[in-house]
Each structure stands twice: as C-alpha cells, then as structure tokens.
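Enquirer: You'll find input_35.txt just under this line, and it carries compact mmCIF, C-alpha atoms.
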```
# COMPACT_ATOMS: atom_id res chain seq x y z
CA MET A 1 43.85 36.00 76.82
CA GLU A 2 44.04 36.05 80.61
CA LEU A 3 46.91 37.16 82.82
CA THR A 4 47.33 36.00 86.43
CA ILE A 5 49.88 37.78 88.59
CA LEU A 6 51.47 34.99 90.63
CA GLY A 7 54.18 37.10 92.24
CA SER A 8 54.32 40.91 92.39
CA GLY A 9 57.27 41.22 94.74
CA THR A 10 61.03 40.99 94.58
CA CYS A 11 63.94 39.13 96.16
CA VAL A 12 63.01 40.72 99.52
CA PRO A 13 60.74 38.32 101.47
CA SER A 14 57.18 39.55 101.93
CA ALA A 15 54.10 37.99 103.50
CA GLN A 16 51.93 39.76 100.90
CA ARG A 17 53.95 39.43 97.69
CA GLY A 18 55.70 36.48 96.10
CA SER A 19 58.75 36.68 93.89
CA PRO A 20 58.21 37.54 90.20
CA ALA A 21 56.00 35.20 88.17
CA ASN A 22 53.09 35.58 85.76
CA PHE A 23 50.73 33.04 84.20
CA LEU A 24 49.41 33.94 80.74
CA LYS A 25 46.68 31.95 79.02
CA ILE A 26 46.33 32.39 75.27
CA GLY A 27 43.43 30.22 74.19
CA SER A 28 44.29 26.74 75.44
CA THR A 29 48.02 27.52 75.71
CA ASN A 30 49.49 28.03 79.18
CA ILE A 31 52.55 30.25 79.55
CA LEU A 32 54.63 30.91 82.65
CA VAL A 33 56.65 34.12 82.51
CA ASP A 34 59.41 33.91 85.13
CA CYS A 35 59.19 31.58 88.09
CA GLY A 36 60.71 32.97 91.25
CA PRO A 37 60.78 31.06 94.54
CA GLY A 38 57.32 29.96 95.64
CA THR A 39 55.79 30.09 92.15
CA LEU A 40 54.48 26.52 92.24
CA ARG A 41 52.61 27.22 95.45
CA GLN A 42 51.13 30.35 93.89
CA VAL A 43 50.03 28.33 90.86
CA LYS A 44 48.10 26.02 93.17
CA LYS A 45 46.62 28.92 95.15
CA ALA A 46 45.44 30.48 91.86
CA ARG A 47 43.72 27.17 91.00
CA LEU A 48 45.89 26.75 87.94
CA ASP A 49 47.69 23.53 87.03
CA TYR A 50 51.47 23.32 86.75
CA LYS A 51 51.04 20.04 84.84
CA ASP A 52 49.41 21.95 81.96
CA ILE A 53 52.17 24.54 81.40
CA ASP A 54 53.28 24.55 77.76
CA TYR A 55 55.92 27.29 77.79
CA VAL A 56 58.24 28.87 80.36
CA PHE A 57 59.63 32.28 79.38
CA LEU A 58 62.51 33.68 81.45
CA THR A 59 63.40 37.37 81.35
CA HIS A 60 66.84 36.79 82.92
CA PHE A 61 68.65 34.42 85.24
CA HIS A 62 68.57 36.14 88.64
CA SER A 63 67.39 33.78 91.37
CA ASP A 64 64.21 35.72 92.24
CA HIS A 65 63.03 35.07 88.66
CA ILE A 66 64.13 31.46 88.10
CA ALA A 67 64.41 29.66 91.46
CA ASP A 68 61.28 27.52 90.96
CA LEU A 69 62.30 26.27 87.51
CA VAL A 70 64.00 23.16 88.90
CA PRO A 71 61.11 22.43 91.33
CA LEU A 72 58.71 22.73 88.36
CA LEU A 73 60.70 20.21 86.31
CA GLN A 74 60.98 17.84 89.25
CA ALA A 75 57.23 18.11 89.91
CA LEU A 76 56.53 17.24 86.26
CA ASN A 77 58.74 14.18 86.66
CA TRP A 78 57.70 12.88 90.05
CA THR A 79 54.07 13.79 90.74
CA PRO A 80 52.49 10.44 91.72
CA GLY A 81 50.23 9.00 89.05
CA PHE A 82 51.23 11.60 86.47
CA ASP A 83 53.20 10.83 83.30
CA ARG A 84 53.67 13.96 81.23
CA LYS A 85 53.55 13.37 77.47
CA LYS A 86 53.40 16.80 75.86
CA HIS A 87 56.71 18.56 75.38
CA LEU A 88 57.73 21.59 77.42
CA THR A 89 59.45 24.57 75.84
CA ILE A 90 61.74 26.79 77.90
CA ILE A 91 62.53 30.14 76.31
CA GLY A 92 64.90 32.87 77.40
CA PRO A 93 67.70 35.22 76.43
CA VAL A 94 71.01 34.24 74.88
CA GLY A 95 72.86 32.16 77.44
CA LEU A 96 69.83 30.01 78.29
CA LEU A 97 71.29 26.84 76.75
CA GLU A 98 74.40 27.00 78.90
CA PHE A 99 72.32 27.94 81.94
CA TYR A 100 70.01 24.95 81.40
CA LYS A 101 72.92 22.53 80.97
CA THR A 102 74.38 23.75 84.27
CA LEU A 103 71.05 23.22 86.03
CA LEU A 104 70.89 19.61 84.84
CA GLN A 105 74.41 18.99 86.07
CA LEU A 106 73.52 20.34 89.50
CA PHE A 107 70.02 18.82 89.63
CA PRO A 108 69.90 15.64 87.49
CA GLY A 109 66.41 14.91 88.82
CA ALA A 110 65.14 17.80 86.71
CA HIS A 111 65.83 15.89 83.50
CA PRO A 112 62.68 14.29 82.02
CA ARG A 113 62.24 10.62 82.82
CA ARG A 114 62.84 8.22 79.97
CA ASN A 115 59.90 7.64 77.63
CA THR A 116 57.89 10.58 78.95
CA TYR A 117 58.30 14.07 77.48
CA GLU A 118 61.00 16.26 75.99
CA ILE A 119 62.20 19.74 76.88
CA ASN A 120 62.93 22.16 74.07
CA VAL A 121 65.22 25.05 74.97
CA ILE A 122 65.14 28.16 72.77
CA GLU A 123 67.28 31.28 73.00
CA MET A 124 65.35 34.31 71.77
CA LEU A 125 67.02 36.45 69.14
CA PRO A 126 65.72 39.85 67.90
CA GLY A 127 62.68 39.68 65.65
CA ALA A 128 59.23 38.12 65.75
CA HIS A 129 58.79 34.46 66.64
CA THR A 130 55.57 32.50 66.12
CA PHE A 131 54.83 29.55 68.40
CA THR A 132 52.41 26.64 68.42
CA GLY A 133 49.25 27.96 69.99
CA GLY A 134 48.79 30.86 67.58
CA PHE A 135 50.77 33.57 69.30
CA CYS A 136 53.76 35.70 68.35
CA VAL A 137 56.53 36.89 70.67
CA LYS A 138 58.94 39.79 70.29
CA THR A 139 61.76 40.76 72.63
CA LEU A 140 63.61 43.90 73.64
CA LYS A 141 66.99 44.04 75.36
CA THR A 142 66.58 45.85 78.67
CA ILE A 143 68.97 47.72 80.92
CA HIS A 144 69.23 45.48 83.96
CA CYS A 145 71.89 42.85 83.44
CA LYS A 146 73.83 41.21 80.64
CA GLU A 147 71.02 38.99 79.40
CA SER A 148 67.78 40.70 80.54
CA ILE A 149 64.97 41.06 78.00
CA ALA A 150 61.33 42.18 77.89
CA TYR A 151 58.63 40.18 76.10
CA LYS A 152 55.68 41.19 73.95
CA PHE A 153 53.02 38.52 73.41
CA GLU A 154 50.63 39.08 70.50
CA ALA A 155 47.53 37.07 69.61
CA GLU A 156 44.27 37.99 67.90
CA ASP A 157 45.10 41.71 67.81
CA LYS A 158 45.85 41.74 71.56
CA LYS A 159 49.21 42.64 73.08
CA VAL A 160 50.66 41.89 76.51
CA VAL A 161 54.08 43.28 77.41
CA VAL A 162 56.10 42.07 80.40
CA SER A 163 59.10 44.26 81.09
CA GLY A 164 60.96 42.01 83.49
CA ASP A 165 63.56 43.90 85.49
CA CYS A 166 64.73 46.95 83.59
CA GLY A 167 66.42 50.29 83.90
CA TYR A 168 65.18 53.54 82.37
CA ASN A 169 65.08 53.27 78.59
CA LEU A 170 62.53 54.97 76.36
CA ASP A 171 62.89 52.17 73.80
CA LEU A 172 60.66 50.24 76.18
CA ALA A 173 57.90 52.82 75.64
CA GLU A 174 57.97 52.24 71.88
CA PHE A 175 58.10 48.47 72.42
CA ALA A 176 54.96 48.61 74.59
CA LYS A 177 53.12 51.18 72.46
CA ASN A 178 49.33 50.78 72.80
CA ALA A 179 49.65 47.43 74.59
CA ASP A 180 46.45 46.04 76.06
CA ILE A 181 48.41 45.22 79.23
CA PHE A 182 51.82 46.60 80.12
CA VAL A 183 53.29 44.81 83.15
CA LEU A 184 56.04 47.19 84.23
CA GLU A 185 58.49 46.84 87.09
CA CYS A 186 58.13 49.66 89.60
CA SER A 187 60.76 48.84 92.17
CA PHE A 188 61.15 52.08 94.12
CA LEU A 189 59.25 55.24 94.89
CA ARG A 190 62.07 57.67 94.26
CA GLY A 191 65.78 57.74 93.57
CA PHE A 192 67.73 56.31 90.67
CA PRO A 193 68.42 52.65 91.41
CA ASP A 194 70.85 50.90 89.10
CA GLY A 195 69.04 48.64 86.65
CA HIS A 196 65.56 49.22 88.08
CA LEU A 197 62.78 51.79 87.72
CA ASN A 198 61.32 54.24 90.20
CA VAL A 199 57.74 55.45 90.01
CA GLY A 200 58.49 58.64 88.12
CA GLN A 201 60.41 56.71 85.48
CA CYS A 202 57.50 54.27 85.16
CA GLY A 203 55.15 57.19 84.61
CA ALA A 204 57.40 58.73 81.97
CA ILE A 205 57.60 55.45 80.04
CA ALA A 206 53.85 54.85 80.35
CA SER A 207 53.00 58.36 79.17
CA LEU A 208 54.73 57.55 75.86
CA ALA A 209 53.58 53.95 75.61
CA CYS A 210 49.89 54.77 76.26
CA PRO A 211 48.87 51.23 77.30
CA LYS A 212 45.22 50.43 77.87
CA LYS A 213 46.17 49.06 81.29
CA LEU A 214 49.38 49.70 83.19
CA VAL A 215 50.19 47.11 85.86
CA LEU A 216 52.91 48.10 88.32
CA THR A 217 54.85 45.13 89.71
CA HIS A 218 58.19 44.09 91.23
CA LEU A 219 57.38 46.19 94.27
CA TYR A 220 60.01 46.70 96.92
CA PRO A 221 58.87 47.57 100.45
CA PRO A 222 58.06 49.71 102.31
CA PHE A 223 56.12 52.07 100.03
CA SER A 224 52.33 51.80 100.00
CA GLU A 225 50.11 51.33 96.96
CA SER A 226 48.63 54.81 97.40
CA GLU A 227 52.09 56.39 97.36
CA ARG A 228 52.98 54.61 94.14
CA MET A 229 49.67 55.44 92.47
CA GLU A 230 49.81 59.11 93.42
CA GLU A 231 53.34 59.45 92.11
CA VAL A 232 52.89 57.56 88.84
CA LYS A 233 49.67 59.40 87.98
CA SER A 234 51.50 62.71 88.18
CA PHE A 235 53.37 61.51 85.08
CA PHE A 236 50.87 59.20 83.37
CA GLU A 237 47.32 60.46 82.91
CA ASP A 238 44.89 57.55 82.63
CA THR A 239 42.99 57.38 79.38
CA ALA A 240 40.39 54.99 80.78
CA THR A 241 38.92 54.06 84.12
CA ASN A 242 41.35 51.97 86.18
CA ALA A 243 44.02 52.20 83.49
CA THR A 244 46.73 52.07 86.16
CA ILE A 245 46.73 49.41 88.86
CA VAL A 246 49.22 48.15 91.41
CA ALA A 247 49.65 44.40 91.02
CA GLU A 248 48.53 42.04 93.75
CA ASP A 249 49.37 38.38 93.98
CA LEU A 250 46.70 36.12 92.40
CA MET A 251 45.13 39.07 90.57
CA ARG A 252 43.50 38.02 87.27
CA ILE A 253 43.16 40.34 84.29
CA ARG A 254 41.10 39.37 81.24
CA ILE A 255 41.90 40.91 77.88
```
The structure in this file should be written as structure tokens.

Expert:
Amino acid sequence: MELTILGSGTCVPSAQRGSPANFLKIGSTNILVDCGPGTLRQVKKARLDYKDIDYVFLTHFHSDHIADLVPLLQALNWTPGFDRKKHLTIIGPVGLLEFYKTLLQLFPGAHPRRNTYEINVIEMLPGAHTFTGGFCVKTLKTIHCKESIAYKFEAEDKKVVVSGDCGYNLDLAEFAKNADIFVLECSFLRGFPDGHLNVGQCGAIASLACPKKLVLTHLYPPFSESERMEEVKSFFEDTATNATIVAEDLMRIRI
C-alpha cells in the first residue's frame, strides 16, 4: 500500500497546500479519497495517472472535497486518444445517489460516452464492505455535517484510516485503533471550532488510537508546522521515530 497526499489544505486558498485529496494504491488498485479543487493537477504533479483511477471515495459533499469530481469525469470522457473501458466506482455516504444525479443534470458532459465505460455509484452503509482489488472498507459517521463519514481501508493486515472533516468524538479513536496510517484533520491550533478538530483534540484522539503513523492534514493558516507538532506531542507521545508528521502536498508514505 502507498498513500500520496495530494492536498493537505482546506477551502482557504494556499500557495503551499491544495484542497483535500488523497491517492491510495492497494496493489494494482488506484483509489482517490476526496477530490477538492485542483486535484487533477496534483495527480499530474505526483506523476500519477487519473486515467487509471478505479475508485473515488467521498467523505462528504462540501465543495473543497468534491469540486474536481466533475472535471475528473469529463477528463475520462474527453482526453484525446483515450477511450476508457474499465468501470469507475464512486463511493460515498448516504445521499450520494441523489448528489450524483444532480451533478449529471448540471454537467451532462460528465456522463460516460456511449460504448465506453460505466459508473457504479455506491452509498456506504455501516459494516464491512469488500471490493474488487482485495481490500475491505469500513466507515464511521463523524461529527461534521449531515452525511460526513471516515473511512478505514484494510488489506493484507494493513490499515489506513482517513478521518475526513470531523468534530471531536472518541469513537474515532476506537475506529482508528492501531492503524498503520491515521490521516487526521487538524484544522486549528486552539479553540473549539464547530465540526472540526484543534491540535489538542487531535492529540487526545491519537493517544487513544495509538497509530503507527499519525498524519495531520486539513491545515488552516496561519499556524506553522512546528506549532502544530509541539502542541500535538504534548498530548500524543510518539511510540516510534517520526510517528507524527504534518502532511505536505505530494508527500508519499509507503506501508
């Protein structure tokens, strides 16, 4: 498994950080987790191939997490000399089917061209779901908005958890228990933002989850990496060298 951080930022424009997106490779299967504005450009900069994406997982429907979904579908349809044949599966929380239908009404060019490929749309319900490619996915409802969920990807005894946007909830610590990688939103340094985490809350969750590697993402300005690291480590004592890192765009992590 290999995780590439495509976007470690938020809805606030940043020259250093793109909007939320992650690219997870499990064997030969290519998974995009969220696709905020600018994701396709980040895919190219990371020397990955948008034409090879098998699955798109959405944590929720806020624009900073989904704005490049339509551009992705249009690129799959209209890249010169490319005729996609393998199906694409789009997965998300309850409400995804209605959301997808609305997108096609607004952007008919996102619908697959005739005699090319099909799009399968799946709404994730509680429980474990096994997908083609030999991996299992579990979800947890998070405190952010009506539909927001976190994902846990499991394959060959490895676990990657992506929190998406979330408020403070210790159920997330149990969900991410002993994960190989725990990608956790860390929006603010201090304070109690509604539906997001500050650094102290991240540390409290991580101290119970005990991940092998904690990756702090969804980083609002203006706080520096050193400020975030100093604060989170006062709550979460690393159990291994470099167990806590602040995400950077195009960062690759092998598992």

Enquirer: Residues within 9 Å of stretch 125-138 of chain A, please, as a tab-separated table (two decimals) with C-alpha atoms, keeping the file's coordinate frame. Count all atoms listed in the file; anything in the same chain fewer than 3 positions from it doesn't count.

Expert:
```tsv
chain	number	residue	atom	x	y	z
A	26	ILE	CA	46.33	32.39	75.27
A	27	GLY	CA	43.43	30.22	74.19
A	28	SER	CA	44.29	26.74	75.44
A	29	THR	CA	48.02	27.52	75.71
A	93	PRO	CA	67.70	35.22	76.43
A	94	VAL	CA	71.01	34.24	74.88
A	141	LYS	CA	66.99	44.04	75.36
A	150	ALA	CA	61.33	42.18	77.89
A	151	TYR	CA	58.63	40.18	76.10
A	152	LYS	CA	55.68	41.19	73.95
A	153	PHE	CA	53.02	38.52	73.41
A	154	GLU	CA	50.63	39.08	70.50
A	155	ALA	CA	47.53	37.07	69.61
A	156	GLU	CA	44.27	37.99	67.90
A	175	PHE	CA	58.10	48.47	72.42
```

Enquirer: In Å, how far is it from atom CA of A:Val70 to atom CA of A:Ser163?

Expert: 23.0 Å

Enquirer: I need the residue nearest A:Ser187 from this list: A:Cys11, A:Ala110, A:Met251, A:Ala46. Use all atoms listed in the file for the distance.

Expert: A:Cys11

Enquirer: Using atom CA of A:Val33 and atom CA of A:Pro222 as the two end points, give the distance in Å to one decimal.

Expert: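 Interatomic distance, atom CA of A:Val33 to atom CA of A:Pro222: 25.2 Å.
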
Enquirer: Around all listed atoms of stretch 16-19 of chain A, padded 8 Å per side, what centre and edge lengths does the axis-aligned box have in Å to one decimal, as AutoDock Vina command-line options?

Expert:
```
--center_x 55.3 --center_y 38.1 --center_z 97.4 --size_x 22.8 --size_y 19.3 --size_z 23.0
```

Enquirer: To one decimal place, how far is atom CA of A:Asn22 from atom CA of A:Val56 in Å?

Expert: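 So the answer is 10.0 Å.
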
Enquirer: Determine, counting only C-alpha atoms, every residue of protein, DNA or RNA that lies within 8 Å of (69.3, 48.2, 88.6) in the file coordinates, then give the result as JSON, numbers by chain.

Expert: {"A": [143, 144, 145, 165, 166, 167, 193, 194, 195, 196, 197]}

Enquirer: Name all residues at most 8 Å from A:Gly7 (count all atoms listed in the file; drop same-chain ones fewer than 3 positions away) and give them as a list of chain:residue names.

Expert: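 Once the nearby chain positions are removed, what remains is A:Arg17, A:Gly18, A:Ser19, A:Pro20, A:Ala21, A:Asn22, A:Gly36, A:Thr39, A:Gln42, A:Glu248, A:Asp249, A:Leu250.
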
Enquirer: List every protein, DNA or RNA residue with an atom no more than 12 Å from (40.7, 32.5, 78.1) in the file's coordinates, counting all atoms listed in the file, and format the result as a compact mmCIF listing (two decimals) with C-alpha atoms, keeping the file's coordinate frame.

Expert:
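Done, and the output landed in result_19.txt:
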```
# COMPACT_ATOMS: atom_id res chain seq x y z
CA MET A 1 43.85 36.00 76.82
CA GLU A 2 44.04 36.05 80.61
CA LEU A 3 46.91 37.16 82.82
CA THR A 4 47.33 36.00 86.43
CA PHE A 23 50.73 33.04 84.20
CA LEU A 24 49.41 33.94 80.74
CA LYS A 25 46.68 31.95 79.02
CA ILE A 26 46.33 32.39 75.27
CA GLY A 27 43.43 30.22 74.19
CA SER A 28 44.29 26.74 75.44
CA THR A 29 48.02 27.52 75.71
CA ASN A 30 49.49 28.03 79.18
CA ALA A 155 47.53 37.07 69.61
CA ARG A 252 43.50 38.02 87.27
CA ILE A 253 43.16 40.34 84.29
CA ARG A 254 41.10 39.37 81.24
CA ILE A 255 41.90 40.91 77.88
```

Enquirer: Find, counting all atoms listed in the file, the residue in A:Ser207, A:Leu189, A:Ala247, A:Arg113 that gets nearest to A:Arg228.

Expert: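 Looking at the shortest contact to A:Arg228, the residue is A:Leu189.
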
Enquirer: Which of these, A:Leu170, A:Ile181, A:Ile31, A:Val162, has the shortest distance to A:Asp49 once you count all atoms listed in the file?

Expert: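 That would be A:Ile31, the residue with the smallest distance to A:Asp49.
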